[in-house]
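**Q** Just one file: model_13.txt, with compact mmCIF, C-alpha atoms and all ligand atoms.
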```
# COMPACT_ATOMS: atom_id res chain seq x y z
CA MET F 1 6.44 13.99 -15.55
CA THR F 2 5.11 15.91 -18.50
CA ARG F 3 2.18 18.20 -18.08
CA ALA F 4 0.11 15.79 -20.20
CA GLU F 5 0.60 13.02 -17.59
CA SER F 6 -0.53 15.14 -14.66
CA THR F 7 -4.03 14.39 -13.36
CA VAL F 8 -4.39 17.86 -11.84
CA PRO F 9 -5.29 20.71 -14.20
CA PRO F 10 -2.44 23.05 -15.18
CA GLY F 11 -2.09 25.94 -12.81
CA HIS F 12 -4.05 24.20 -10.06
CA PRO F 13 -2.67 25.14 -6.63
CA LEU F 14 -2.23 21.43 -5.82
CA ASP F 15 0.20 20.99 -8.66
CA PRO F 16 2.37 24.01 -9.33
CA ASP F 17 5.19 21.81 -10.70
CA GLY F 18 3.12 19.25 -12.59
CA ARG F 19 4.27 16.49 -10.25
CA THR F 20 0.96 15.39 -8.72
CA VAL F 21 0.10 11.84 -9.72
CA LEU F 22 -3.13 11.45 -7.74
CA SER F 23 -5.20 14.14 -6.05
CA ALA F 24 -7.20 13.42 -2.89
CA SER F 25 -10.29 12.64 -4.96
CA ASP F 26 -8.25 10.33 -7.23
CA VAL F 27 -7.03 8.48 -4.12
CA ALA F 28 -10.62 8.16 -2.88
CA ARG F 29 -11.79 6.80 -6.24
CA ALA F 30 -8.89 4.34 -6.47
CA LEU F 31 -9.60 3.00 -2.98
CA ARG F 32 -13.29 2.62 -3.76
CA ARG F 33 -12.44 0.61 -6.88
CA ILE F 34 -9.96 -1.57 -4.99
CA ALA F 35 -12.58 -2.27 -2.29
CA HIS F 36 -15.00 -3.42 -5.01
CA GLU F 37 -12.30 -5.52 -6.67
CA ILE F 38 -11.46 -7.25 -3.40
CA LEU F 39 -15.12 -8.08 -2.83
CA GLU F 40 -15.63 -9.22 -6.40
CA HIS F 41 -12.59 -11.47 -6.37
CA ASN F 42 -13.48 -12.93 -2.97
CA LYS F 43 -17.18 -13.24 -3.91
CA GLY F 44 -18.08 -11.16 -0.85
CA PRO F 45 -16.47 -10.32 2.48
CA ASP F 46 -16.38 -13.82 4.04
CA ASP F 47 -13.03 -14.88 5.52
CA LEU F 48 -11.30 -11.66 4.48
CA VAL F 49 -8.67 -10.13 6.78
CA LEU F 50 -6.95 -6.90 5.75
CA LEU F 51 -3.46 -6.22 7.12
CA GLY F 52 -1.81 -2.86 6.51
CA ILE F 53 1.95 -2.53 6.35
CA PRO F 54 3.14 0.38 8.50
CA SER F 55 3.14 3.02 8.14
CA ARG F 56 0.68 4.29 5.52
CA GLY F 57 -0.57 0.85 4.57
CA VAL F 58 -2.36 0.70 7.91
CA GLU F 59 -4.44 3.80 7.19
CA LEU F 60 -5.19 2.48 3.70
CA ALA F 61 -6.30 -0.91 5.09
CA HIS F 62 -8.69 0.79 7.52
CA ARG F 63 -10.12 2.93 4.74
CA LEU F 64 -10.66 -0.12 2.53
CA VAL F 65 -12.46 -1.85 5.40
CA ASP F 66 -14.69 1.22 5.84
CA LEU F 67 -15.49 1.14 2.12
CA ILE F 68 -16.26 -2.59 2.24
CA ARG F 69 -18.59 -1.95 5.16
CA GLU F 70 -20.40 0.74 3.13
CA VAL F 71 -20.96 -1.77 0.32
CA GLU F 72 -21.66 -4.97 2.27
CA GLY F 73 -22.66 -3.79 5.76
CA THR F 74 -20.02 -6.15 7.14
CA GLN F 75 -17.02 -5.27 9.30
CA VAL F 76 -14.03 -7.10 7.86
CA PRO F 77 -11.24 -7.73 10.42
CA VAL F 78 -8.33 -5.33 9.97
CA GLY F 79 -4.90 -5.09 11.53
CA SER F 80 -1.27 -4.25 10.88
CA LEU F 81 1.81 -6.26 10.03
CA ASP F 82 5.24 -4.96 10.97
CA ILE F 83 7.95 -6.24 8.67
CA THR F 84 10.98 -4.61 10.30
CA MET F 85 12.64 -7.74 11.64
CA HIS F 86 12.17 -9.55 8.32
CA ARG F 87 13.82 -6.93 6.11
CA ASP F 88 16.71 -8.20 4.00
CA ASP F 89 18.74 -5.02 4.61
CA LEU F 90 18.81 -5.27 8.42
CA ARG F 91 22.54 -5.89 8.39
CA HIS F 92 23.08 -2.59 6.60
CA GLN F 93 20.49 -0.58 8.55
CA PRO F 94 20.26 -2.30 11.94
CA THR F 95 18.75 0.65 13.86
CA ARG F 96 15.19 0.66 12.46
CA ALA F 97 12.59 0.76 15.23
CA PRO F 98 10.02 -2.03 15.02
CA MET F 99 6.45 -0.86 14.38
CA HIS F 100 3.15 -2.36 15.38
CA THR F 101 1.78 -5.78 14.46
CA GLN F 102 -1.84 -6.22 15.39
CA ILE F 103 -3.60 -9.38 14.23
CA PRO F 104 -7.39 -9.28 14.60
CA THR F 105 -9.13 -11.72 16.91
CA GLY F 106 -9.78 -14.80 14.83
CA GLY F 107 -6.24 -14.80 13.48
CA ILE F 108 -5.19 -15.49 9.92
CA ASP F 109 -5.39 -19.31 9.69
CA ASP F 110 -7.50 -20.32 6.69
CA LYS F 111 -8.38 -16.67 5.99
CA VAL F 112 -7.90 -14.71 2.80
CA VAL F 113 -5.36 -12.13 3.91
CA VAL F 114 -5.11 -8.96 1.84
CA LEU F 115 -1.84 -7.14 2.49
CA VAL F 116 -2.18 -3.40 1.93
CA ASP F 117 0.63 -0.94 1.24
CA ASP F 118 0.98 2.49 -0.27
CA VAL F 119 3.78 1.91 -2.81
CA LEU F 120 5.09 -1.22 -4.50
CA TYR F 121 8.62 -0.80 -5.84
CA SER F 122 11.37 -3.45 -5.52
CA GLY F 123 8.97 -5.90 -3.84
CA ARG F 124 11.32 -6.40 -0.89
CA THR F 125 8.83 -5.03 1.66
CA ILE F 126 6.21 -7.50 0.49
CA ARG F 127 8.70 -10.37 0.56
CA ALA F 128 9.41 -9.44 4.16
CA ALA F 129 5.66 -9.24 4.84
CA LEU F 130 5.14 -12.78 3.53
CA ASP F 131 7.93 -13.92 5.82
CA ALA F 132 6.38 -12.10 8.80
CA LEU F 133 2.99 -13.60 7.98
CA SER F 134 4.30 -17.14 7.97
CA ASP F 135 5.35 -16.66 11.63
CA LEU F 136 1.73 -15.89 12.51
CA GLY F 137 -0.27 -18.58 10.79
CA ARG F 138 -1.27 -20.16 7.50
CA PRO F 139 -3.74 -18.12 5.46
CA ARG F 140 -5.78 -19.88 2.78
CA ALA F 141 -4.54 -17.22 0.35
CA VAL F 142 -2.59 -13.99 0.46
CA ARG F 143 -3.38 -11.12 -1.88
CA LEU F 144 -1.79 -7.72 -2.30
CA ALA F 145 -3.40 -4.30 -2.70
CA VAL F 146 -1.29 -1.19 -3.29
CA LEU F 147 -2.19 2.40 -4.03
CA VAL F 148 0.72 2.87 -6.46
CA ASP F 149 2.79 0.32 -8.38
CA ARG F 150 5.83 2.20 -9.64
CA GLY F 151 7.57 -0.80 -11.25
CA HIS F 152 11.26 -1.80 -10.88
CA ARG F 153 10.59 -5.12 -9.19
CA GLU F 154 13.64 -7.00 -7.93
CA LEU F 155 11.68 -10.08 -6.85
CA PRO F 156 8.90 -12.15 -8.45
CA ILE F 157 6.09 -10.29 -6.69
CA ARG F 158 3.02 -8.60 -8.17
CA ALA F 159 0.00 -6.79 -6.83
CA ASP F 160 -3.54 -8.13 -7.27
CA HIS F 161 -5.19 -4.73 -6.81
CA VAL F 162 -3.49 -1.51 -7.93
CA GLY F 163 -4.75 2.05 -7.53
CA LYS F 164 -2.40 3.39 -10.18
CA ASN F 165 0.32 1.83 -12.29
CA LEU F 166 2.94 4.52 -12.57
CA PRO F 167 5.99 4.01 -14.78
CA THR F 168 8.91 5.75 -13.03
CA SER F 169 12.66 6.02 -13.26
CA HIS F 170 14.91 4.89 -10.43
CA ALA F 171 15.91 8.52 -10.03
CA GLU F 172 12.50 9.41 -8.63
CA LYS F 173 10.58 8.88 -5.44
CA VAL F 174 6.86 8.42 -5.20
CA GLN F 175 5.47 9.98 -2.05
CA VAL F 176 2.01 9.09 -0.77
CA ARG F 177 0.47 11.49 1.70
CA LEU F 178 -2.66 10.51 3.57
CA ALA F 179 -4.99 12.74 5.56
CA GLY F 180 -4.80 10.74 8.78
CA HIS F 181 -1.05 10.37 8.60
CA ASP F 182 0.26 13.49 6.93
CA GLY F 183 -2.53 16.03 7.32
CA SER F 184 -2.97 16.37 3.57
CA GLU F 185 -3.69 13.83 0.88
CA ASP F 186 -2.15 13.23 -2.54
CA VAL F 187 0.49 11.23 -4.39
CA VAL F 188 3.45 13.08 -5.85
CA ARG F 189 6.54 12.06 -7.74
CA ILE F 190 9.75 13.73 -6.67
CA ALA F 191 12.70 13.95 -9.03
CA GLY F 192 16.21 13.14 -7.92
CA GLY F 193 17.77 10.41 -5.83
CA ASP F 194 17.00 6.72 -5.63
CA ALA F 195 14.14 6.34 -3.14
CA ARG F 196 15.83 3.48 -1.31
O1 LIG S 201 8.77 -2.41 -2.76
P1 LIG S 201 9.80 -1.76 -1.89
O2 LIG S 201 11.07 -1.42 -2.61
O3 LIG S 201 10.07 -2.51 -0.63
O4 LIG S 201 9.26 -0.32 -1.50
C1 LIG S 201 7.97 -0.08 -1.03
C2 LIG S 201 7.96 0.28 0.42
O5 LIG S 201 8.73 1.47 0.63
C3 LIG S 201 7.98 2.33 1.47
O6 LIG S 201 8.19 2.03 2.80
P2 LIG S 201 9.42 2.61 3.63
O7 LIG S 201 10.31 1.48 3.99
O8 LIG S 201 10.04 3.76 2.88
O9 LIG S 201 8.73 3.11 4.97
P3 LIG S 201 7.40 3.98 5.22
O10 LIG S 201 6.24 3.07 4.97
O11 LIG S 201 7.49 4.38 6.65
O12 LIG S 201 7.42 5.14 4.26
C4 LIG S 201 6.55 2.03 1.12
O13 LIG S 201 5.67 2.43 2.13
C5 LIG S 201 6.55 0.56 0.89
O14 LIG S 201 6.29 -0.13 2.10
O1 LIG S 202 9.30 5.73 -4.52
C1 LIG S 202 9.16 5.03 -3.53
C2 LIG S 202 9.88 3.83 -3.33
C3 LIG S 202 9.67 3.10 -2.23
N1 LIG S 202 8.78 3.53 -1.33
C4 LIG S 202 8.10 4.68 -1.49
O2 LIG S 202 7.28 5.05 -0.64
N2 LIG S 202 8.30 5.40 -2.60
```
Do you think you could lay out the structure here as structure tokens?
Ligand SMILES: O=P(O)(O)OC[C@H]1O[C@H](OP(=O)(O)OP(=O)(O)O)[C@H](O)[C@@H]1O
Ligand SMILES: O=c1cc[nH]c(=O)[nH]1

**A**
Amino acid sequence: MTRAESTVPPGHPLDPDGRTVLSASDVARALRRIAHEILEHNKGPDDLVLLGIPSRGVELAHRLVDLIREVEGTQVPVGSLDITMHRDDLRHQPTRAPMHTQIPTGGIDDKVVVLVDDVLYSGRTIRAALDALSDLGRPRAVRLAVLVDRGHRELPIRADHVGKNLPTSHAEKVQVRLAGHDGSEDVVRIAGGDAR
């Protein structure tokens, strides 16, 4: 990333290498906008269910629900959707430990399910999530919110709500750190090595 693309001022302690894509306040602003977009598109909070994809998608889903509650005064059901057993690379990496699926009371039938994840890259995680979802019910619609879309899709999948569109090369990794998960909060791009 060039210095001109960095959102953190030159010399700032958060960004000694010019690799910070979003600071903590940028993340907060992006989530606030996404919460408003979800409400606007759905014409309010009715029938919404937010499901975070572990691991960081779960924290993001809860934060979006908190923001929706601030705006609407309504608690939207929130849960998590583990995709481990639906991954298309299980044969190559069979030892992944399943994570937690928690579907809110009321289920997902006829609801507008918003899947939430931190990064959208090949689209394979979201494909697996759609597969996992179909085992659990039949939503009226499924939408996708991500904090960062870094491009390089390998499947016909797109996000409805994006915190930041970030053109990247394959030889980079985008790392999202969240306060509740990592202790600090930012999004950085790391040079070197395919992220997968
Ligand atoms: O679009 P894709 O190519 O599938 O990549 C995006 C996924 O990759 C990361 O998850 P990862 O499997 O690295 O696990 P993590 O959530 O524990 O970091 C990220 O959190 C997304 O879920
Ligand atoms: O750069 C990437 C690619 C996939 N998943 C991530 O979290 N980051």

**Q** At a cut-off of 12 Å and counting only C-alpha atoms and all ligand atoms, what residues surround ligand LIG 202 (chain S)? Please answer as a ChimeraX atom specification.

**A** /F:53-57,117-126,146-153,166-177,187-196

**Q** Between CA of Met99 (chain F) and CA of His86 (chain F), what is the distance, to one decimal in Å?

**A**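 Separation of CA of Met99 (chain F) and CA of His86 (chain F): 12.0 Å.
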
**Q** Taking all atoms listed in the file into account, which of F:Arg32, F:Arg140, F:Arg127, F:His41 comes nearest Asp66 (chain F)?

**A**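 Of F:Arg32, F:Arg140, F:Arg127, F:His41, the one nearest Asp66 (chain F) is F:Arg32, counting all atoms listed in the file.
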
**Q** To one decimal place, how far is CA of Ala179 (chain F) from CA of Ala24 (chain F) in Å?

**A** 8.8 Å

**Q** Quick one: pull the distance between CA of Asp131 (chain F) and CA of Leu81 (chain F), Å, one decimal.

**A**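 One can read the CA of Asp131 (chain F) to CA of Leu81 (chain F) distance as 10.7 Å.
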
**Q** Given only C-alpha atoms and all ligand atoms as the basis, pick out the residue of F:Pro139, F:Gly44, F:Gly79, F:Pro156 nearest to ligand LIG 201 (chain S).

**A**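 Looking at the shortest contact to ligand LIG 201 (chain S), the residue is F:Pro156.
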
**Q** Give me, as an NGL selection string, all polymer residues having an atom no more than 10 Å from Asp46 (chain F), counting only C-alpha atoms and skipping those fewer than 6 positions away in the same chain.

**A** :F and (39 or 74 or 76 or 111-112)

**Q** For a quick check of understanding, using only C-alpha atoms and all ligand atoms, which of F:His181, F:Leu31, F:Val78, F:Thr20 has the smallest distance to ligand LIG 201 (chain S)?

**A**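 Once distances to ligand LIG 201 (chain S) are computed over only C-alpha atoms and all ligand atoms, the minimum belongs to F:His181.
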
**Q** Please determine, counting all atoms listed in the file, which residue among F:Ile34, F:Met85, F:Val142, F:Val116 has the shortest atom-to-atom distance to ligand LIG 201 (chain S).

**A** F:Val116

**Q** Using all atoms listed in the file, which residue out of F:Glu70, F:Glu154, F:Glu185, F:Asp47 lies closest to ligand LIG 201 (chain S)?

**A** F:Glu154

**Q** Pick the closest to ligand LIG 201 (chain S) from F:Ile108, F:Leu136, F:Ala97, F:Val113: which is it, counting only C-alpha atoms and all ligand atoms?

**A**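 Checking each candidate against ligand LIG 201 (chain S), we get F:Ala97 as the closest.
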